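Listing of protein.cif; format and content: mmCIF, N, CA and C atoms.
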data_work
loop_
_atom_site.label_atom_id
_atom_site.label_comp_id
_atom_site.auth_asym_id
_atom_site.auth_seq_id
_atom_site.Cartn_x
_atom_site.Cartn_y
_atom_site.Cartn_z
N MET A 1 237.78 288.59 -24.24
CA MET A 1 236.47 288.34 -23.70
C MET A 1 235.85 287.12 -24.39
N ILE A 2 235.27 287.26 -25.59
CA ILE A 2 234.65 286.10 -26.22
C ILE A 2 235.36 285.62 -27.48
N VAL A 3 236.09 286.50 -28.17
CA VAL A 3 236.68 286.07 -29.44
C VAL A 3 237.78 285.04 -29.27
N GLU A 4 238.24 284.84 -28.06
CA GLU A 4 239.26 283.83 -27.79
C GLU A 4 238.66 282.54 -27.24
N THR A 5 237.33 282.45 -27.18
CA THR A 5 236.69 281.29 -26.57
C THR A 5 236.40 280.20 -27.60
N ASP A 6 236.22 278.99 -27.10
CA ASP A 6 235.84 277.88 -27.97
C ASP A 6 234.48 278.13 -28.62
N GLY A 7 233.57 278.76 -27.87
CA GLY A 7 232.25 279.05 -28.42
C GLY A 7 232.32 279.95 -29.65
N TYR A 8 233.18 280.95 -29.60
CA TYR A 8 233.32 281.85 -30.74
C TYR A 8 233.97 281.14 -31.93
N ILE A 9 234.97 280.33 -31.64
CA ILE A 9 235.62 279.57 -32.72
C ILE A 9 234.62 278.66 -33.40
N GLU A 10 233.75 278.01 -32.61
CA GLU A 10 232.71 277.16 -33.18
C GLU A 10 231.72 277.99 -33.99
N LEU A 11 231.44 279.20 -33.54
CA LEU A 11 230.53 280.08 -34.27
C LEU A 11 231.11 280.48 -35.62
N ILE A 12 232.40 280.75 -35.68
CA ILE A 12 233.05 281.07 -36.95
C ILE A 12 233.06 279.85 -37.86
N GLN A 13 233.26 278.68 -37.29
CA GLN A 13 233.17 277.45 -38.09
C GLN A 13 231.77 277.26 -38.64
N TYR A 14 230.77 277.59 -37.85
CA TYR A 14 229.37 277.53 -38.31
C TYR A 14 229.17 278.49 -39.47
N LEU A 15 229.72 279.69 -39.36
CA LEU A 15 229.63 280.67 -40.44
C LEU A 15 230.27 280.14 -41.72
N THR A 16 231.46 279.59 -41.60
CA THR A 16 232.13 279.09 -42.80
C THR A 16 231.38 277.91 -43.41
N GLY A 17 230.69 277.15 -42.57
CA GLY A 17 229.88 276.05 -43.08
C GLY A 17 228.65 276.53 -43.84
N GLN A 18 228.27 277.77 -43.62
CA GLN A 18 227.11 278.34 -44.29
C GLN A 18 227.47 279.18 -45.52
N LEU A 19 228.74 279.15 -45.93
CA LEU A 19 229.17 279.96 -47.07
C LEU A 19 228.40 279.70 -48.36
N PRO A 20 227.94 278.46 -48.61
CA PRO A 20 227.13 278.27 -49.84
C PRO A 20 225.91 279.19 -49.90
N LEU A 21 225.39 279.58 -48.76
CA LEU A 21 224.27 280.51 -48.71
C LEU A 21 224.64 281.86 -49.33
N PHE A 22 225.92 282.17 -49.30
CA PHE A 22 226.40 283.46 -49.80
C PHE A 22 227.13 283.36 -51.14
N SER A 23 227.29 282.17 -51.67
CA SER A 23 228.17 282.01 -52.84
C SER A 23 227.51 282.35 -54.17
N ASP A 24 226.32 281.89 -54.43
CA ASP A 24 225.70 282.13 -55.74
C ASP A 24 224.73 283.28 -55.67
N GLN A 25 225.26 284.48 -55.69
CA GLN A 25 224.45 285.68 -55.57
C GLN A 25 223.54 285.92 -56.78
N SER A 26 223.95 285.50 -57.94
CA SER A 26 223.20 285.83 -59.15
C SER A 26 221.85 285.13 -59.23
N ALA A 27 221.75 283.94 -58.68
CA ALA A 27 220.52 283.16 -58.80
C ALA A 27 219.54 283.40 -57.66
N GLN A 28 219.93 284.19 -56.68
CA GLN A 28 219.09 284.38 -55.51
C GLN A 28 218.29 285.66 -55.59
N GLU A 29 217.12 285.63 -55.00
CA GLU A 29 216.23 286.79 -54.98
C GLU A 29 216.78 287.84 -54.02
N LYS A 30 216.92 289.04 -54.55
CA LYS A 30 217.40 290.15 -53.73
C LYS A 30 216.24 291.12 -53.52
N THR A 31 215.92 291.39 -52.27
CA THR A 31 214.82 292.29 -51.99
C THR A 31 215.26 293.51 -51.19
N ALA A 32 216.43 293.50 -50.62
CA ALA A 32 216.89 294.58 -49.76
C ALA A 32 217.53 295.70 -50.58
N ASP A 33 217.36 296.92 -50.10
CA ASP A 33 218.01 298.05 -50.76
C ASP A 33 219.28 298.48 -50.03
N TYR A 34 219.72 297.66 -49.09
CA TYR A 34 220.95 297.90 -48.34
C TYR A 34 221.88 296.73 -48.58
N THR A 35 223.14 296.90 -48.21
CA THR A 35 224.12 295.85 -48.46
C THR A 35 224.22 294.89 -47.28
N LEU A 36 224.85 293.79 -47.54
CA LEU A 36 225.10 292.80 -46.49
C LEU A 36 225.95 293.41 -45.38
N ARG A 37 226.92 294.23 -45.76
CA ARG A 37 227.76 294.93 -44.78
C ARG A 37 226.90 295.82 -43.87
N ASP A 38 226.00 296.59 -44.48
CA ASP A 38 225.11 297.46 -43.70
C ASP A 38 224.27 296.64 -42.73
N LEU A 39 223.74 295.53 -43.22
CA LEU A 39 222.89 294.67 -42.39
C LEU A 39 223.67 294.13 -41.20
N MET A 40 224.86 293.60 -41.45
CA MET A 40 225.67 293.03 -40.37
C MET A 40 226.01 294.09 -39.32
N GLU A 41 226.44 295.25 -39.78
CA GLU A 41 226.82 296.31 -38.84
C GLU A 41 225.64 296.78 -38.02
N GLU A 42 224.48 296.93 -38.66
CA GLU A 42 223.29 297.38 -37.94
C GLU A 42 222.83 296.34 -36.92
N LYS A 43 222.79 295.08 -37.32
CA LYS A 43 222.33 294.02 -36.42
C LYS A 43 223.28 293.87 -35.23
N LEU A 44 224.59 293.91 -35.49
CA LEU A 44 225.55 293.81 -34.39
C LEU A 44 225.45 295.01 -33.46
N SER A 45 225.29 296.19 -34.01
CA SER A 45 225.15 297.39 -33.19
C SER A 45 223.92 297.30 -32.29
N MET A 46 222.80 296.90 -32.87
CA MET A 46 221.57 296.77 -32.09
C MET A 46 221.73 295.72 -31.00
N SER A 47 222.38 294.63 -31.32
CA SER A 47 222.58 293.55 -30.37
C SER A 47 223.47 294.00 -29.21
N MET A 48 224.52 294.74 -29.52
CA MET A 48 225.42 295.20 -28.47
C MET A 48 224.75 296.28 -27.61
N MET A 49 223.90 297.09 -28.21
CA MET A 49 223.14 298.07 -27.42
C MET A 49 222.22 297.33 -26.44
N ALA A 50 221.66 296.23 -26.88
CA ALA A 50 220.82 295.42 -25.98
C ALA A 50 221.65 294.86 -24.83
N VAL A 51 222.88 294.42 -25.12
CA VAL A 51 223.77 293.93 -24.06
C VAL A 51 224.02 295.05 -23.05
N PHE A 52 224.28 296.25 -23.54
CA PHE A 52 224.53 297.39 -22.65
C PHE A 52 223.31 297.69 -21.79
N GLU A 53 222.12 297.65 -22.39
CA GLU A 53 220.90 297.98 -21.67
C GLU A 53 220.52 296.90 -20.65
N GLN A 54 220.84 295.66 -20.94
CA GLN A 54 220.42 294.55 -20.09
C GLN A 54 221.40 294.26 -18.95
N ASN A 55 222.54 294.90 -18.96
CA ASN A 55 223.56 294.63 -17.96
C ASN A 55 224.09 295.93 -17.39
N GLU A 56 224.39 295.89 -16.11
CA GLU A 56 225.04 297.03 -15.48
C GLU A 56 226.54 296.85 -15.67
N LEU A 57 227.11 297.67 -16.55
CA LEU A 57 228.50 297.48 -16.96
C LEU A 57 229.33 298.70 -16.61
N SER A 58 230.58 298.44 -16.27
CA SER A 58 231.52 299.54 -16.06
C SER A 58 231.93 300.10 -17.42
N GLN A 59 232.55 301.24 -17.39
CA GLN A 59 233.05 301.84 -18.64
C GLN A 59 234.08 300.92 -19.30
N GLU A 60 234.92 300.28 -18.48
CA GLU A 60 235.93 299.37 -19.01
C GLU A 60 235.28 298.17 -19.70
N GLN A 61 234.24 297.62 -19.10
CA GLN A 61 233.53 296.50 -19.72
C GLN A 61 232.88 296.92 -21.04
N ARG A 62 232.31 298.10 -21.05
CA ARG A 62 231.70 298.60 -22.29
C ARG A 62 232.74 298.73 -23.40
N LEU A 63 233.89 299.27 -23.06
CA LEU A 63 234.96 299.41 -24.06
C LEU A 63 235.45 298.05 -24.53
N ASP A 64 235.54 297.08 -23.61
CA ASP A 64 235.93 295.73 -24.00
C ASP A 64 234.93 295.15 -25.00
N ILE A 65 233.65 295.36 -24.75
CA ILE A 65 232.62 294.84 -25.65
C ILE A 65 232.71 295.51 -27.02
N VAL A 66 232.96 296.82 -27.03
CA VAL A 66 233.11 297.53 -28.31
C VAL A 66 234.32 296.98 -29.07
N ARG A 67 235.43 296.75 -28.38
CA ARG A 67 236.62 296.19 -29.04
C ARG A 67 236.34 294.78 -29.57
N GLU A 68 235.64 293.99 -28.79
CA GLU A 68 235.28 292.64 -29.22
C GLU A 68 234.36 292.69 -30.44
N THR A 69 233.42 293.60 -30.43
CA THR A 69 232.51 293.75 -31.56
C THR A 69 233.27 294.15 -32.81
N ASP A 70 234.23 295.03 -32.67
CA ASP A 70 235.08 295.40 -33.81
C ASP A 70 235.82 294.18 -34.36
N ALA A 71 236.32 293.33 -33.46
CA ALA A 71 237.02 292.11 -33.89
C ALA A 71 236.05 291.16 -34.61
N ILE A 72 234.84 291.08 -34.13
CA ILE A 72 233.83 290.22 -34.76
C ILE A 72 233.50 290.74 -36.16
N VAL A 73 233.31 292.05 -36.28
CA VAL A 73 233.05 292.65 -37.59
C VAL A 73 234.21 292.36 -38.54
N TYR A 74 235.42 292.48 -38.05
CA TYR A 74 236.60 292.19 -38.87
C TYR A 74 236.56 290.74 -39.35
N ASP A 75 236.27 289.81 -38.44
CA ASP A 75 236.19 288.40 -38.83
C ASP A 75 235.11 288.17 -39.88
N LEU A 76 233.95 288.76 -39.67
CA LEU A 76 232.87 288.61 -40.64
C LEU A 76 233.26 289.19 -42.00
N GLU A 77 233.93 290.33 -41.98
CA GLU A 77 234.37 290.94 -43.23
C GLU A 77 235.39 290.07 -43.94
N GLU A 78 236.24 289.41 -43.18
CA GLU A 78 237.23 288.51 -43.79
C GLU A 78 236.55 287.33 -44.46
N VAL A 79 235.61 286.71 -43.76
CA VAL A 79 234.95 285.51 -44.29
C VAL A 79 234.03 285.86 -45.45
N LEU A 80 233.34 286.97 -45.37
CA LEU A 80 232.33 287.32 -46.37
C LEU A 80 232.78 288.45 -47.30
N SER A 81 234.07 288.67 -47.42
CA SER A 81 234.58 289.83 -48.15
C SER A 81 234.06 289.96 -49.57
N LYS A 82 233.85 288.86 -50.26
CA LYS A 82 233.43 288.93 -51.66
C LYS A 82 231.98 289.33 -51.85
N VAL A 83 231.18 289.24 -50.80
CA VAL A 83 229.75 289.52 -50.96
C VAL A 83 229.25 290.66 -50.08
N LEU A 84 230.13 291.34 -49.38
CA LEU A 84 229.71 292.37 -48.45
C LEU A 84 228.96 293.53 -49.09
N ASP A 85 229.28 293.84 -50.32
CA ASP A 85 228.65 294.98 -50.97
C ASP A 85 227.47 294.58 -51.85
N THR A 86 227.02 293.34 -51.72
CA THR A 86 225.82 292.89 -52.44
C THR A 86 224.61 293.07 -51.54
N HIS A 87 223.45 292.99 -52.13
CA HIS A 87 222.21 293.11 -51.37
C HIS A 87 221.80 291.73 -50.87
N PRO A 88 221.51 291.64 -49.57
CA PRO A 88 221.21 290.32 -49.00
C PRO A 88 219.86 289.78 -49.45
N THR A 89 219.80 288.47 -49.53
CA THR A 89 218.54 287.78 -49.79
C THR A 89 217.83 287.58 -48.46
N PRO A 90 216.56 287.24 -48.48
CA PRO A 90 215.87 286.95 -47.22
C PRO A 90 216.54 285.83 -46.42
N GLU A 91 217.06 284.83 -47.11
CA GLU A 91 217.73 283.73 -46.42
C GLU A 91 219.02 284.22 -45.75
N GLN A 92 219.74 285.08 -46.42
CA GLN A 92 220.97 285.62 -45.84
C GLN A 92 220.64 286.50 -44.64
N GLU A 93 219.58 287.28 -44.74
CA GLU A 93 219.17 288.11 -43.61
C GLU A 93 218.81 287.24 -42.41
N ALA A 94 218.10 286.16 -42.65
CA ALA A 94 217.72 285.25 -41.57
C ALA A 94 218.96 284.66 -40.92
N PHE A 95 219.94 284.29 -41.73
CA PHE A 95 221.18 283.74 -41.17
C PHE A 95 221.91 284.79 -40.35
N ILE A 96 222.01 286.01 -40.85
CA ILE A 96 222.70 287.08 -40.10
C ILE A 96 221.99 287.32 -38.78
N ASP A 97 220.66 287.34 -38.78
CA ASP A 97 219.91 287.49 -37.52
C ASP A 97 220.27 286.39 -36.54
N GLU A 98 220.30 285.16 -37.02
CA GLU A 98 220.64 284.03 -36.17
C GLU A 98 222.08 284.14 -35.65
N PHE A 99 223.01 284.45 -36.54
CA PHE A 99 224.42 284.55 -36.17
C PHE A 99 224.62 285.63 -35.11
N VAL A 100 224.03 286.79 -35.32
CA VAL A 100 224.17 287.89 -34.37
C VAL A 100 223.54 287.51 -33.03
N GLY A 101 222.43 286.81 -33.07
CA GLY A 101 221.81 286.33 -31.84
C GLY A 101 222.73 285.40 -31.07
N LEU A 102 223.44 284.54 -31.79
CA LEU A 102 224.39 283.64 -31.15
C LEU A 102 225.58 284.41 -30.56
N VAL A 103 226.01 285.45 -31.24
CA VAL A 103 227.09 286.30 -30.71
C VAL A 103 226.62 286.95 -29.41
N LYS A 104 225.40 287.47 -29.43
CA LYS A 104 224.85 288.10 -28.22
C LYS A 104 224.79 287.08 -27.08
N ASN A 105 224.40 285.87 -27.39
CA ASN A 105 224.35 284.83 -26.36
C ASN A 105 225.72 284.60 -25.73
N LEU A 106 226.77 284.64 -26.56
CA LEU A 106 228.13 284.48 -26.03
C LEU A 106 228.47 285.62 -25.07
N PHE A 107 228.12 286.85 -25.43
CA PHE A 107 228.35 287.98 -24.53
C PHE A 107 227.55 287.83 -23.25
N ASP A 108 226.28 287.47 -23.38
CA ASP A 108 225.43 287.31 -22.20
C ASP A 108 226.00 286.25 -21.26
N GLU A 109 226.42 285.13 -21.83
CA GLU A 109 226.99 284.05 -21.01
C GLU A 109 228.27 284.52 -20.32
N HIS A 110 229.12 285.21 -21.05
CA HIS A 110 230.37 285.70 -20.45
C HIS A 110 230.07 286.67 -19.31
N LEU A 111 229.14 287.57 -19.52
CA LEU A 111 228.81 288.55 -18.48
C LEU A 111 228.15 287.87 -17.28
N ARG A 112 227.37 286.86 -17.51
CA ARG A 112 226.75 286.10 -16.43
C ARG A 112 227.83 285.42 -15.58
N GLU A 113 228.81 284.82 -16.24
CA GLU A 113 229.92 284.17 -15.53
C GLU A 113 230.77 285.19 -14.78
N TYR A 114 230.91 286.37 -15.36
CA TYR A 114 231.72 287.42 -14.75
C TYR A 114 231.10 287.89 -13.42
N ARG A 115 229.76 287.93 -13.38
CA ARG A 115 229.07 288.39 -12.17
C ARG A 115 229.10 287.35 -11.06
N VAL A 116 229.22 286.08 -11.42
CA VAL A 116 229.16 285.01 -10.42
C VAL A 116 230.43 284.90 -9.63
#
Take the structure I supplied and represent it as structure tokens, if you would.
Amino acid sequence: MIVETDGYIELIQYLTGQLPLFSDQSAQEKTADYTLRDLMEEKLSMSMMAVFEQNELSQEQRLDIVRETDAIVYDLEEVLSKVLDTHPTPEQEAFIDEFVGLVKNLFDEHLREYRV
């Protein structure tokens, strides 16, 4: 669906370009009582629920989206493996919000093209 697209590859490149935001954990202000992993999973789950609510999807399409989301989580875990169990800073939270929004946009665009 989307993980094989050029848009997703560019999104992963964007993520890797933002790694300095996640590299120096010790000097950054931590205000969250949850981990970066928890934040990513929650934001992606909420975003995918929005995709489900905003689109009339077959069961097969829903399962495809769940599989794609699992692949996205796997990719994020690979790139951010060293910091997943740390508490995110406000800047990291803002980036995750933006990244998840871009992922949702890829799903929305794919579903829009699928209907046409």
Worksheet item: Quick one, how far is atom CA of A:Asp85 from atom CA of A:Arg37?
Response: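 For atom CA of A:Asp85 relative to atom CA of A:Arg37, the distance reads 6.3 Å.
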Practice prompt. Given the file shown, enumerate the residues that the PyMOL selection byres ((chain A and resi 40-53) around 8) captures and present them as a PyMOL selection string.
Written response: chain A and resi 35-39+54-57+62+65-66+69+73+96-97+100-101+103-104+107-108
Please provide the set of residues having any atom within 8 Å of stretch 11-24 of chain A, restricted to all atoms listed in the file, with same-chain residues fewer than 6 positions apart removed, written as a short mmCIF file (atom, residue, chain, number, x, y, z; two decimals) with N, CA and C atoms, in the frame of the given file.
data_model
loop_
_atom_site.label_atom_id
_atom_site.label_comp_id
_atom_site.auth_asym_id
_atom_site.auth_seq_id
_atom_site.Cartn_x
_atom_site.Cartn_y
_atom_site.Cartn_z
N THR A 5 237.33 282.45 -27.18
CA THR A 5 236.69 281.29 -26.57
C THR A 5 236.40 280.20 -27.60
N ASP A 75 236.27 289.81 -38.44
CA ASP A 75 236.19 288.40 -38.83
C ASP A 75 235.11 288.17 -39.88
N VAL A 79 235.61 286.71 -43.76
CA VAL A 79 234.95 285.51 -44.29
C VAL A 79 234.03 285.86 -45.45
N LEU A 80 233.34 286.97 -45.37
CA LEU A 80 232.33 287.32 -46.37
C LEU A 80 232.78 288.45 -47.30
N LYS A 82 233.85 288.86 -50.26
CA LYS A 82 233.43 288.93 -51.66
C LYS A 82 231.98 289.33 -51.85
N VAL A 83 231.18 289.24 -50.80
CA VAL A 83 229.75 289.52 -50.96
C VAL A 83 229.25 290.66 -50.08
N GLU A 91 217.06 284.83 -47.11
CA GLU A 91 217.73 283.73 -46.42
C GLU A 91 219.02 284.22 -45.75
N GLN A 92 219.74 285.08 -46.42
CA GLN A 92 220.97 285.62 -45.84
C GLN A 92 220.64 286.50 -44.64
N PHE A 99 223.01 284.45 -36.54
CA PHE A 99 224.42 284.55 -36.17
C PHE A 99 224.62 285.63 -35.11
N LEU A 102 223.44 284.54 -31.79
CA LEU A 102 224.39 283.64 -31.15
C LEU A 102 225.58 284.41 -30.56
N VAL A 103 226.01 285.45 -31.24
CA VAL A 103 227.09 286.30 -30.71
C VAL A 103 226.62 286.95 -29.41
#
Worksheet entry | Two-atom distance - atom CA of A:Gly7, atom CA of A:Glu77 (Å) | 19.1 Å
Worksheet item: What does the distance from atom CA of A:Glu93 to atom CA of A:Ile2 come to in Å, to one decimal?
Response: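 Distance between the two atoms: 23.4 Å.
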Item to complete: Using backbone DSSP assignments, extract all helix (DSSP H, G or I) residues from stretch 10-108 of chain A; output them as a ChimeraX atom specification.
Response: /A:10-17,20-23,36-54,59-79,90-108
Worksheet item: Using only C-alpha atoms, which residue out of A:Arg67, A:His110, A:Ala94, A:Thr89 lies closest to A:Tyr8?
Response: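 When distances to A:Tyr8 are compared using only C-alpha atoms, the smallest one comes from A:His110.
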Worksheet entry | Expansion of the PyMOL selection byres ((chain A and resi 32) around 6) into residues, as a PyMOL selection string | chain A and resi 30-31+33-34+87-88
Fill in: For A:Tyr114, the nearest of the candidates A:Gln61, A:Ser81, A:Glu4, A:Ile9, counting only C-alpha atoms
A:Gln61
Completion step: stretch 82-93 of chain A with all heavy atoms as a PDB file, in the coordinates of the input:
ATOM      1  N   LYS A  82     233.850 288.860 -50.260  1.00  0.00           N
ATOM      2  CA  LYS A  82     233.430 288.930 -51.660  1.00  0.00           C
ATOM      3  C   LYS A  82     231.980 289.330 -51.850  1.00  0.00           C
ATOM      4  O   LYS A  82     231.595 289.723 -52.952  1.00  0.00           O
ATOM      5  CB  LYS A  82     233.683 287.583 -52.340  1.00  0.00           C
ATOM      6  CG  LYS A  82     235.147 287.267 -52.462  1.00  0.00           C
ATOM      7  CD  LYS A  82     235.389 285.963 -53.155  1.00  0.00           C
ATOM      8  CE  LYS A  82     236.892 285.724 -53.220  1.00  0.00           C
ATOM      9  NZ  LYS A  82     237.239 284.427 -53.724  1.00  0.00           N
ATOM     10  N   VAL A  83     231.180 289.240 -50.800  1.00  0.00           N
ATOM     11  CA  VAL A  83     229.750 289.520 -50.960  1.00  0.00           C
ATOM     12  C   VAL A  83     229.250 290.660 -50.080  1.00  0.00           C
ATOM     13  O   VAL A  83     228.065 290.960 -50.075  1.00  0.00           O
ATOM     14  CB  VAL A  83     228.896 288.255 -50.682  1.00  0.00           C
ATOM     15  CG1 VAL A  83     229.185 287.180 -51.703  1.00  0.00           C
ATOM     16  CG2 VAL A  83     229.094 287.751 -49.268  1.00  0.00           C
ATOM     17  N   LEU A  84     230.130 291.340 -49.380  1.00  0.00           N
ATOM     18  CA  LEU A  84     229.710 292.370 -48.450  1.00  0.00           C
ATOM     19  C   LEU A  84     228.960 293.530 -49.090  1.00  0.00           C
ATOM     20  O   LEU A  84     228.108 294.140 -48.460  1.00  0.00           O
ATOM     21  CB  LEU A  84     230.911 292.911 -47.679  1.00  0.00           C
ATOM     22  CG  LEU A  84     231.422 292.019 -46.572  1.00  0.00           C
ATOM     23  CD1 LEU A  84     232.687 292.605 -45.972  1.00  0.00           C
ATOM     24  CD2 LEU A  84     230.379 291.803 -45.507  1.00  0.00           C
ATOM     25  N   ASP A  85     229.280 293.840 -50.320  1.00  0.00           N
ATOM     26  CA  ASP A  85     228.650 294.980 -50.970  1.00  0.00           C
ATOM     27  C   ASP A  85     227.470 294.580 -51.850  1.00  0.00           C
ATOM     28  O   ASP A  85     226.969 295.391 -52.627  1.00  0.00           O
ATOM     29  CB  ASP A  85     229.693 295.772 -51.757  1.00  0.00           C
ATOM     30  CG  ASP A  85     230.711 296.410 -50.817  1.00  0.00           C
ATOM     31  OD1 ASP A  85     230.309 296.874 -49.733  1.00  0.00           O
ATOM     32  OD2 ASP A  85     231.909 296.418 -51.149  1.00  0.00           O
ATOM     33  N   THR A  86     227.020 293.340 -51.720  1.00  0.00           N
ATOM     34  CA  THR A  86     225.820 292.890 -52.440  1.00  0.00           C
ATOM     35  C   THR A  86     224.610 293.070 -51.540  1.00  0.00           C
ATOM     36  O   THR A  86     224.734 293.270 -50.325  1.00  0.00           O
ATOM     37  CB  THR A  86     225.945 291.402 -52.849  1.00  0.00           C
ATOM     38  OG1 THR A  86     226.029 290.609 -51.672  1.00  0.00           O
ATOM     39  CG2 THR A  86     227.154 291.174 -53.738  1.00  0.00           C
ATOM     40  N   HIS A  87     223.450 292.990 -52.130  1.00  0.00           N
ATOM     41  CA  HIS A  87     222.210 293.110 -51.370  1.00  0.00           C
ATOM     42  C   HIS A  87     221.800 291.730 -50.870  1.00  0.00           C
ATOM     43  O   HIS A  87     221.768 290.773 -51.641  1.00  0.00           O
ATOM     44  CB  HIS A  87     221.113 293.718 -52.249  1.00  0.00           C
ATOM     45  CG  HIS A  87     221.477 295.074 -52.746  1.00  0.00           C
ATOM     46  ND1 HIS A  87     221.361 296.204 -51.968  1.00  0.00           N
ATOM     47  CD2 HIS A  87     222.003 295.483 -53.923  1.00  0.00           C
ATOM     48  CE1 HIS A  87     221.775 297.251 -52.656  1.00  0.00           C
ATOM     49  NE2 HIS A  87     222.178 296.833 -53.854  1.00  0.00           N
ATOM     50  N   PRO A  88     221.510 291.640 -49.570  1.00  0.00           N
ATOM     51  CA  PRO A  88     221.210 290.320 -49.000  1.00  0.00           C
ATOM     52  C   PRO A  88     219.860 289.780 -49.450  1.00  0.00           C
ATOM     53  O   PRO A  88     218.917 290.528 -49.679  1.00  0.00           O
ATOM     54  CB  PRO A  88     221.227 290.574 -47.497  1.00  0.00           C
ATOM     55  CG  PRO A  88     220.892 292.013 -47.356  1.00  0.00           C
ATOM     56  CD  PRO A  88     221.466 292.691 -48.567  1.00  0.00           C
ATOM     57  N   THR A  89     219.800 288.470 -49.530  1.00  0.00           N
ATOM     58  CA  THR A  89     218.540 287.780 -49.790  1.00  0.00           C
ATOM     59  C   THR A  89     217.830 287.580 -48.460  1.00  0.00           C
ATOM     60  O   THR A  89     218.452 287.708 -47.388  1.00  0.00           O
ATOM     61  CB  THR A  89     218.800 286.413 -50.446  1.00  0.00           C
ATOM     62  OG1 THR A  89     219.483 285.595 -49.495  1.00  0.00           O
ATOM     63  CG2 THR A  89     219.613 286.540 -51.727  1.00  0.00           C
ATOM     64  N   PRO A  90     216.560 287.240 -48.480  1.00  0.00           N
ATOM     65  CA  PRO A  90     215.870 286.950 -47.220  1.00  0.00           C
ATOM     66  C   PRO A  90     216.540 285.830 -46.420  1.00  0.00           C
ATOM     67  O   PRO A  90     216.605 285.901 -45.183  1.00  0.00           O
ATOM     68  CB  PRO A  90     214.461 286.552 -47.672  1.00  0.00           C
ATOM     69  CG  PRO A  90     214.269 287.254 -48.981  1.00  0.00           C
ATOM     70  CD  PRO A  90     215.634 287.240 -49.623  1.00  0.00           C
ATOM     71  N   GLU A  91     217.060 284.830 -47.110  1.00  0.00           N
ATOM     72  CA  GLU A  91     217.730 283.730 -46.420  1.00  0.00           C
ATOM     73  C   GLU A  91     219.020 284.220 -45.750  1.00  0.00           C
ATOM     74  O   GLU A  91     219.355 283.794 -44.642  1.00  0.00           O
ATOM     75  CB  GLU A  91     218.060 282.595 -47.406  1.00  0.00           C
ATOM     76  CG  GLU A  91     216.845 281.904 -47.974  1.00  0.00           C
ATOM     77  CD  GLU A  91     216.208 282.652 -49.150  1.00  0.00           C
ATOM     78  OE1 GLU A  91     216.822 283.620 -49.681  1.00  0.00           O
ATOM     79  OE2 GLU A  91     215.088 282.278 -49.525  1.00  0.00           O
ATOM     80  N   GLN A  92     219.740 285.080 -46.420  1.00  0.00           N
ATOM     81  CA  GLN A  92     220.970 285.620 -45.840  1.00  0.00           C
ATOM     82  C   GLN A  92     220.640 286.500 -44.640  1.00  0.00           C
ATOM     83  O   GLN A  92     221.345 286.450 -43.628  1.00  0.00           O
ATOM     84  CB  GLN A  92     221.744 286.415 -46.891  1.00  0.00           C
ATOM     85  CG  GLN A  92     222.330 285.539 -47.981  1.00  0.00           C
ATOM     86  CD  GLN A  92     222.854 286.336 -49.160  1.00  0.00           C
ATOM     87  OE1 GLN A  92     222.500 287.500 -49.358  1.00  0.00           O
ATOM     88  NE2 GLN A  92     223.688 285.701 -49.965  1.00  0.00           N
ATOM     89  N   GLU A  93     219.580 287.280 -44.740  1.00  0.00           N
ATOM     90  CA  GLU A  93     219.170 288.110 -43.610  1.00  0.00           C
ATOM     91  C   GLU A  93     218.810 287.240 -42.410  1.00  0.00           C
ATOM     92  O   GLU A  93     219.180 287.557 -41.277  1.00  0.00           O
ATOM     93  CB  GLU A  93     217.984 288.998 -43.988  1.00  0.00           C
ATOM     94  CG  GLU A  93     218.388 290.142 -44.874  1.00  0.00           C
ATOM     95  CD  GLU A  93     217.365 291.256 -44.874  1.00  0.00           C
ATOM     96  OE1 GLU A  93     216.861 291.624 -43.786  1.00  0.00           O
ATOM     97  OE2 GLU A  93     217.087 291.775 -45.960  1.00  0.00           O
TER      98      GLU A  93
END
